[in-house]
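Worksheet for the structure shown next.
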Amino acid sequence: MLADRISMVSHASRVLGAMLLPAMAVAPVHAGIGDWHGDGNAQVRLIAAGLGADGRIAAGIEIALDPGWKTYWRTPGDAGIAPLIDFSSSTNVRAPVEVGFPVPLRYDDGYAVTNVYENNVVLPITVEVIDPHMPTRLALLLDIGVCAEICVPEHYEMTLDVVPGEIDATSEAIIAGARASLAGDPKPGVLDVGGIVRTGGTEKRPVFEVDIIAPHPDRAEVFVEGPVDWYPSVPKLITVDDTRAVFGVEFSRLGSRTPIGGNDFTVTVVSDGKAIQDTVKLD
């Protein structure tokens, strides 16, 4: 299962981090791996594989969580705090910095259903540099929620310098593992999103139906994201056959200024250990 792959990547990354910590105590951090930051239940660091021939830096934000603690996906769910990621103070960087989010775990505590990461997660980032012959400084401001029985907002500030010509093999392996946990492109006729239509609800709480194609669609897990000021419920299975399923999802638009009509929705489908992400437009 994809969640197992994520856990394996996280465990491997955490082991690598543990191996590196003693060396960090007696020697300067090498160019591709930054210091850990944070003295609470989560520590964060920047890692970078180096500058590629395409003029881009493959890098990542690594978050290590204490046992029993969680942080949130880009769309938290019924509760939680969405991460705020700011690279605007970086130098020799062409905005925007592209941030990837591995597929989350859907966690039901009996009161709310949230989309979370546990243990260790790496958010892979792609940075386009302005001048590939000059050093690049990645400067990150990060705000996340770190939660167990309580939820604590945490703020981190850190930098990492990337020098042209230097490749960090350890970071490269960690980032490659994180990219393997991202949702891929749709596979037409195999793992795909057919479309989205509005089926009812009110203006403040509209209801939509999402059509998906998947192997064993009755066991598929679906995440639906709309405009940034709309808040989705957990999609519920409505109908299913051998290859297709329809899921219903309600959005809360309380306080939203984004009208209904022509909206883009991001749909992530997880089935049989594979995941795809597609953007579909509401007619």
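Lettering and numbering for the structure tokens are positional, with chains as A, B, ... in the shown order, residues counted from 1 in each chain, and ligands counted from 1 in the shown order.
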
Using only C-alpha atoms, determine which residues lie at most 9 Å from Asp283 (chain A), disregarding the query and same-chain residues fewer than 3 positions distant; provide the list as number ranges by chain. A: 196-198, 261-263

I need the residues in region 115-153 of chain A that are strand (DSSP E or B) according to DSSP; give them as a PyMOL selection string. chain A and resi 115-118+120-129+136-147+151-153

Export of prior selection with C-alpha atoms as a PDB file, in the first residue's frame:
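Result went into part35.pdb, see below:
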```
ATOM      1  CA  ASN A 115      -5.302  14.295   6.632  1.00  0.00           C
ATOM      2  CA  VAL A 116      -1.983  13.877   8.388  1.00  0.00           C
ATOM      3  CA  TYR A 117       1.644  12.795   8.361  1.00  0.00           C
ATOM      4  CA  GLU A 118       3.188  10.759  11.170  1.00  0.00           C
ATOM      5  CA  ASN A 120       8.755  11.532   9.373  1.00  0.00           C
ATOM      6  CA  VAL A 121       7.838  13.161   6.082  1.00  0.00           C
ATOM      7  CA  VAL A 122       9.827  14.938   3.378  1.00  0.00           C
ATOM      8  CA  LEU A 123       8.118  17.570   1.242  1.00  0.00           C
ATOM      9  CA  PRO A 124      10.139  17.581  -1.996  1.00  0.00           C
ATOM     10  CA  ILE A 125      10.751  21.026  -3.482  1.00  0.00           C
ATOM     11  CA  THR A 126      12.006  22.167  -6.866  1.00  0.00           C
ATOM     12  CA  VAL A 127      13.879  25.470  -7.048  1.00  0.00           C
ATOM     13  CA  GLU A 128      14.674  27.259 -10.297  1.00  0.00           C
ATOM     14  CA  VAL A 129      17.820  29.356  -9.905  1.00  0.00           C
ATOM     15  CA  THR A 136      21.958  29.822  -3.908  1.00  0.00           C
ATOM     16  CA  ARG A 137      20.604  30.412  -0.423  1.00  0.00           C
ATOM     17  CA  LEU A 138      17.322  28.720   0.458  1.00  0.00           C
ATOM     18  CA  ALA A 139      15.632  30.671   3.256  1.00  0.00           C
ATOM     19  CA  LEU A 140      12.540  29.025   4.722  1.00  0.00           C
ATOM     20  CA  LEU A 141       9.837  30.357   7.006  1.00  0.00           C
ATOM     21  CA  LEU A 142       7.552  27.476   7.997  1.00  0.00           C
ATOM     22  CA  ASP A 143       4.413  27.371  10.140  1.00  0.00           C
ATOM     23  CA  ILE A 144       2.782  24.021  10.878  1.00  0.00           C
ATOM     24  CA  GLY A 145       0.425  22.471  13.390  1.00  0.00           C
ATOM     25  CA  VAL A 146       1.922  19.669  15.510  1.00  0.00           C
ATOM     26  CA  CYS A 147      -0.780  17.650  17.212  1.00  0.00           C
ATOM     27  CA  CYS A 151      -2.478  20.919  18.740  1.00  0.00           C
ATOM     28  CA  VAL A 152       0.497  23.263  18.942  1.00  0.00           C
ATOM     29  CA  PRO A 153       1.332  25.813  16.227  1.00  0.00           C
TER      30      PRO A 153
END
```

Compile the contact shell of Pro102 (chain A) as a PDB file with C-alpha atoms, in the first residue's frame: residues with an atom at most 7 Å away, counting only C-alpha atoms, same-chain residues fewer than 2 positions apart removed.
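The resulting result_21.pdb:
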```pdb
ATOM      1  CA  GLY A 100       5.198  18.601  -3.393  1.00  0.00           C
ATOM      2  CA  PRO A 104      -1.365  11.749   3.516  1.00  0.00           C
ATOM      3  CA  LEU A 123       8.118  17.570   1.242  1.00  0.00           C
ATOM      4  CA  ALA A 178       9.842  11.384  -1.130  1.00  0.00           C
ATOM      5  CA  SER A 181       5.334   8.972  -2.501  1.00  0.00           C
ATOM      6  CA  LEU A 182       3.764  11.779  -4.543  1.00  0.00           C
ATOM      7  CA  ALA A 183       0.577  11.183  -6.512  1.00  0.00           C
TER       8      ALA A 183
END
```

When you look at Val228 (chain A) with a cut-off of 9 Å (counting only C-alpha atoms), what residues show up, excluding the ones that are within fewer than 6 positions of it in the same chain? I need them as a short mmCIF file (atom, residue, chain, number, x, y, z; two decimals) with N, CA and C atoms, in the first residue's frame.
```cif
data_model
loop_
_atom_site.label_atom_id
_atom_site.label_comp_id
_atom_site.auth_asym_id
_atom_site.auth_seq_id
_atom_site.Cartn_x
_atom_site.Cartn_y
_atom_site.Cartn_z
N THR A 75 -4.29 20.23 2.76
CA THR A 75 -5.71 20.41 3.12
C THR A 75 -5.95 19.54 4.35
N SER A 256 -16.68 32.32 2.48
CA SER A 256 -15.98 32.30 1.20
C SER A 256 -16.41 33.45 0.30
N THR A 258 -15.33 33.16 -2.98
CA THR A 258 -15.18 32.53 -4.29
C THR A 258 -16.53 32.00 -4.75
#
```

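Among the candidates A:Val207, A:Val269, A:Val222, A:Ala58, the residue lying nearest to Leu191 (chain A) is A:Val269 (atoms considered: only C-alpha atoms).
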
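With distances restricted to only C-alpha atoms, A:Ala245 is the closest residue to Ser271 (chain A) from A:Ala245, A:Ala180, A:Val224, A:Leu65.
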
Taking the chain letters and numbering used in this document, name the residues of region 85-189 of chain A that DSSP puts in alpha helix (DSSP H), as a PyMOL selection string. chain A and resi 169-180
